[in-house]
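**Student:** Pasting a structure below so you can have a look.
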Amino acid sequence: MSRRVVITGMGVCSPIGNDLDTFAGALQNGVSGIRFQPLLSDLNFGCQIAGKPIVNDELLNKYFTSLELRDLKATGLVYGVIAGCEAWKDAGLKVDEKDEPDWDSGIIFGAGILGVDKFRDAIYKVDEQQVRRLGSTTVIQTMASGISAYLGGKLGCGNQVTTNSSACTTGTEGLMMACDRIQANKAERILVGSASDSGPYVWGGFDAMRILPRKYNTDPEKASRPMSASASGFVPGSGAGALVLESLESALSRGARIYAEILGGFVNSGGHRNGGSMTAPNSKAVQRCISKTVSNAAIMPEEIDAINGHLTATSKDPVEIHNWSVALGLKGSEFPYVNAFKGHMGHCLAAGGALESVGTILQFRDRQIYGNINCEDLHPDIGAVVDPEKVPSKSVDYPPKIIAKASFGFGDVNACVIFSQYNP
Amino acid sequence: MPAEHYTRLQEIIKPYLPEDVTVEDIKEDSHFINELNINSANLVDIILDVEDAYDIVLENEDMENMQTVSDALAIINNKLEGKA
């Protein structure tokens, strides 16, 4: 019997709030974090709206020294360090200033790309033959592992400190990587998270692909419409989420509060076969990922109370729902509740998996299934598979026991995880 | 050596000092890395700040020779005289 892994701390830096209560309140009450972005308008973007955390100086000064703040341009690094430190504190873990690091604590903090604005500055200087004026932080602000490196020092972690990257699957994949390591007795606790930079240089490529909505620039809160018949593309987002995964023994021995248990999960790829491509999922692989997750968690599909989907608000949402239905063998009124937090936050890209997992787990605490926003006009192909009552527009007072979460990413990669309320 | 350069240099160094070193600890013969415990990576930033403050350009050999506060002051003086 492998070791049980539980979640004892969480933190966010998100378009809908930088602390758990504000974040949960927004998900609960259908508050949108999608706002008009003047910079995108100035730069002639088709989509001029986005989800972006609002980080004030007080918060910055809490987690960064004045020296670290000098020329700090890596937005994802800011979000990741804030979310990571908040999760650590939320778990009741102290930062020990002693000489020895904590050998049992590690970090897996993923990112799609990091420090794009800093990199832009560096490119200009290099092209102007001013390479000598780059300063000492260009590397640490633009290396993919910048967030885990910063957090490793701030928290004094002495176990594996690394970064994973699998596009929009990143955060959910990180959960499974940490689970494996804890179950293999190689670590007692791992801070898992994922982050995504804000700004035109990250979002521009998606705008060029014409997969972002263009008709909502004056009505940003209505733009992100997962599962809706009028969904017209995903709204770009950014931020970071973080979760402390811990062996049950470690959590119990220090009397930690337990938010949830990870019963199991699975990660796979569709290999760009069978309709899968760089940008589209192989449905067979998605279904396999979900059914392997269910068997790995040793539960029956009927036990799943709710699904937090990937559901980005593109024309692919009905395909995703179909895949869940086939994989679980459930439809109509048997189908679990399903929600998508991208309606509130937009698609936070690499950060999405971690941010949405935090939201998913908060539903155990709040004994609710959070409602969806902007899908009053449920897509008919989804309505044909799922009883529309299972796609709630308002939060439902229903205490979930088991929730499934999945993320799918560019490159045809998939990750799925089963969370359960903690049963001693 | 003009005292104003010394004060100005102290102000430039100040943000790079670790928590347990104060600006009063900066003496003329202080070694940046061994005595003031400044992270060696940050020496690069101090050099850039000095260049900006005095509108001078330090050569690679200046950077290698800049081990102590008085080294820095000598290099600054030298550059300013060269400019004048």
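Labels used: A, B, ... for chains in the order of the structure tokens, numbers from 1 for residues in each chain, and numbers from 1 for ligands as shown.
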Find the residues of chain A in contact range of chain B, meaning any atom within 10 Å when counting only C-alpha atoms, and list them as a list in words.

**Tutor:**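 Matching residues, ligands excluded from the count: Thr65, Ser66, Leu67, Glu68, Arg70, Arg132, Arg133, Leu134, Gly135, Ser136 and Thr137 of chain A.
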
**Student:** Could you take the residues named above and write them with C-alpha atoms, as a compact mmCIF listing (two decimals), in the first residue's frame?

**Tutor:**
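Result file is again.txt:
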# COMPACT_ATOMS: atom_id res chain seq x y z
CA THR A 65 13.59 42.55 -0.55
CA SER A 66 14.12 46.04 -1.93
CA LEU A 67 17.19 44.71 -3.73
CA GLU A 68 15.19 41.90 -5.35
CA ARG A 70 15.16 46.51 -8.39
CA ARG A 132 27.85 44.47 -20.33
CA ARG A 133 24.95 46.51 -18.95
CA LEU A 134 22.54 43.59 -18.47
CA GLY A 135 23.12 43.47 -14.71
CA SER A 136 23.15 40.44 -12.48
CA THR A 137 19.46 39.45 -12.56

**Student:** Once DSSP has gone over the backbone, tell me which residues of segment 113-346 of chain A are in strand (DSSP E or B), as a PyMOL selection string.

**Tutor:** chain A and resi 157+161-162+166+168+189-196+228+236+239-247+260-269+306-308+332+337-339

**Student:** Set out as a Markdown table a contact list for segment 88-176 of chain A and segment 293-314 of chain A with a cut-off of 12 Å, giving each residue of segment 88-176 of chain A that qualifies its closest atom pair and distance in Å to one decimal, counting only C-alpha atoms, ordered by chain and rising residue number.

**Tutor:**
| residue | atom | partner | partner_atom | distance |
| --- | --- | --- | --- | --- |
| A:Cys168 | CA | A:His310 | CA | 8.9 |
| A:Thr169 | CA | A:His310 | CA | 9.1 |
| A:Gly171 | CA | A:His310 | CA | 11.9 |
| A:Thr172 | CA | A:His310 | CA | 10.5 |
| A:Met176 | CA | A:Thr293 | CA | 10.6 |

**Student:** Tell me which protein, DNA and RNA residues are within 12 Å of Met177 of chain A, counting only C-alpha atoms, leaving out same-chain ones fewer than 2 positions away, and put them as number ranges by chain.

**Tutor:** A: 5, 106-110, 160, 162-165, 170-175, 179-184, 186-187, 190-193, 245, 264-267, 415-417

**Student:** Do you know which residues are at most 10 Å from segment 30-39 of chain A counting only C-alpha atoms, after dropping those on the same chain fewer than 6 positions away, and could you put them as a count of residues only?

**Tutor:** 43

**Student:** Using only C-alpha atoms, which of B:Ile38, B:Val23, B:Ile75, B:Leu80 sits nearest Glu11 of chain B?

**Tutor:**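 Closest to Glu11 of chain B of all the choices is B:Val23.
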
**Student:** Any idea what's packed within 9 Å of Gly112 of chain A, counting only C-alpha atoms, ignoring anything in its chain fewer than 6 positions away? Could you give it as a list in words?

**Tutor:**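 The neighbour list is Ala144, Asn164, Ser165, Ser166, Ala167, Cys168, Thr170, Ser194, Ala195, Ser196, Asp197, Leu349, Ala350 and Ala351 of chain A.
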
**Student:** Where in chain B does DSSP assign helix (DSSP H, G or I), given as a PyMOL selection string?

**Tutor:** chain B and resi 3-16+23-25+40-54+60-65+69-83

**Student:** Dump C-alpha atoms for the selected residues as a PDB file, in the first residue's frame?

**Tutor:**
ATOM      1  CA  ALA B   3      34.844  62.994   0.793  1.00  0.00           C
ATOM      2  CA  GLU B   4      31.785  63.489  -1.402  1.00  0.00           C
ATOM      3  CA  HIS B   5      32.783  60.497  -3.556  1.00  0.00           C
ATOM      4  CA  TYR B   6      33.089  58.359  -0.462  1.00  0.00           C
ATOM      5  CA  THR B   7      29.592  59.327   0.728  1.00  0.00           C
ATOM      6  CA  ARG B   8      28.162  58.844  -2.733  1.00  0.00           C
ATOM      7  CA  LEU B   9      29.760  55.418  -3.038  1.00  0.00           C
ATOM      8  CA  GLN B  10      28.337  54.432   0.351  1.00  0.00           C
ATOM      9  CA  GLU B  11      24.872  55.278  -0.938  1.00  0.00           C
ATOM     10  CA  ILE B  12      25.465  53.168  -4.057  1.00  0.00           C
ATOM     11  CA  ILE B  13      26.655  50.193  -1.996  1.00  0.00           C
ATOM     12  CA  LYS B  14      23.914  50.438   0.634  1.00  0.00           C
ATOM     13  CA  PRO B  15      21.118  48.511  -1.166  1.00  0.00           C
ATOM     14  CA  TYR B  16      23.455  45.567  -1.809  1.00  0.00           C
ATOM     15  CA  VAL B  23      26.218  51.424   6.032  1.00  0.00           C
ATOM     16  CA  GLU B  24      28.420  52.389   9.035  1.00  0.00           C
ATOM     17  CA  ASP B  25      30.389  49.202   8.450  1.00  0.00           C
ATOM     18  CA  SER B  40      29.715  38.567  -5.929  1.00  0.00           C
ATOM     19  CA  ALA B  41      26.962  38.689  -8.582  1.00  0.00           C
ATOM     20  CA  ASN B  42      25.877  42.064  -7.188  1.00  0.00           C
ATOM     21  CA  LEU B  43      29.350  43.561  -7.717  1.00  0.00           C
ATOM     22  CA  VAL B  44      28.363  43.734 -11.372  1.00  0.00           C
ATOM     23  CA  ASP B  45      25.358  45.855 -10.422  1.00  0.00           C
ATOM     24  CA  ILE B  46      27.459  48.132  -8.204  1.00  0.00           C
ATOM     25  CA  ILE B  47      29.763  48.764 -11.154  1.00  0.00           C
ATOM     26  CA  LEU B  48      26.782  49.669 -13.381  1.00  0.00           C
ATOM     27  CA  ASP B  49      25.433  51.988 -10.681  1.00  0.00           C
ATOM     28  CA  VAL B  50      28.844  53.666 -10.358  1.00  0.00           C
ATOM     29  CA  GLU B  51      28.952  54.161 -14.132  1.00  0.00           C
ATOM     30  CA  ASP B  52      25.506  55.738 -14.087  1.00  0.00           C
ATOM     31  CA  ALA B  53      26.236  57.950 -11.075  1.00  0.00           C
ATOM     32  CA  TYR B  54      29.497  59.369 -12.484  1.00  0.00           C
ATOM     33  CA  ASN B  60      37.144  44.878 -17.606  1.00  0.00           C
ATOM     34  CA  GLU B  61      40.467  45.341 -15.798  1.00  0.00           C
ATOM     35  CA  ASP B  62      38.939  48.099 -13.621  1.00  0.00           C
ATOM     36  CA  MET B  63      36.226  45.635 -12.620  1.00  0.00           C
ATOM     37  CA  GLU B  64      38.790  42.965 -11.753  1.00  0.00           C
ATOM     38  CA  ASN B  65      40.813  45.430  -9.686  1.00  0.00           C
ATOM     39  CA  VAL B  69      36.013  50.515  -1.368  1.00  0.00           C
ATOM     40  CA  SER B  70      39.291  52.395  -1.785  1.00  0.00           C
ATOM     41  CA  ASP B  71      39.964  50.535  -5.055  1.00  0.00           C
ATOM     42  CA  ALA B  72      36.627  51.791  -6.288  1.00  0.00           C
ATOM     43  CA  LEU B  73      37.341  55.348  -5.188  1.00  0.00           C
ATOM     44  CA  ALA B  74      40.711  55.292  -6.926  1.00  0.00           C
ATOM     45  CA  ILE B  75      39.169  54.010 -10.146  1.00  0.00           C
ATOM     46  CA  ILE B  76      36.422  56.655 -10.014  1.00  0.00           C
ATOM     47  CA  ASN B  77      38.992  59.422  -9.408  1.00  0.00           C
ATOM     48  CA  ASN B  78      41.157  58.170 -12.183  1.00  0.00           C
ATOM     49  CA  LYS B  79      38.256  58.104 -14.655  1.00  0.00           C
ATOM     50  CA  LEU B  80      37.032  61.547 -13.641  1.00  0.00           C
ATOM     51  CA  GLU B  81      40.522  63.003 -14.062  1.00  0.00           C
ATOM     52  CA  GLY B  82      40.712  61.370 -17.468  1.00  0.00           C
ATOM     53  CA  LYS B  83      37.444  63.056 -18.387  1.00  0.00           C
TER      54      LYS B  83
END
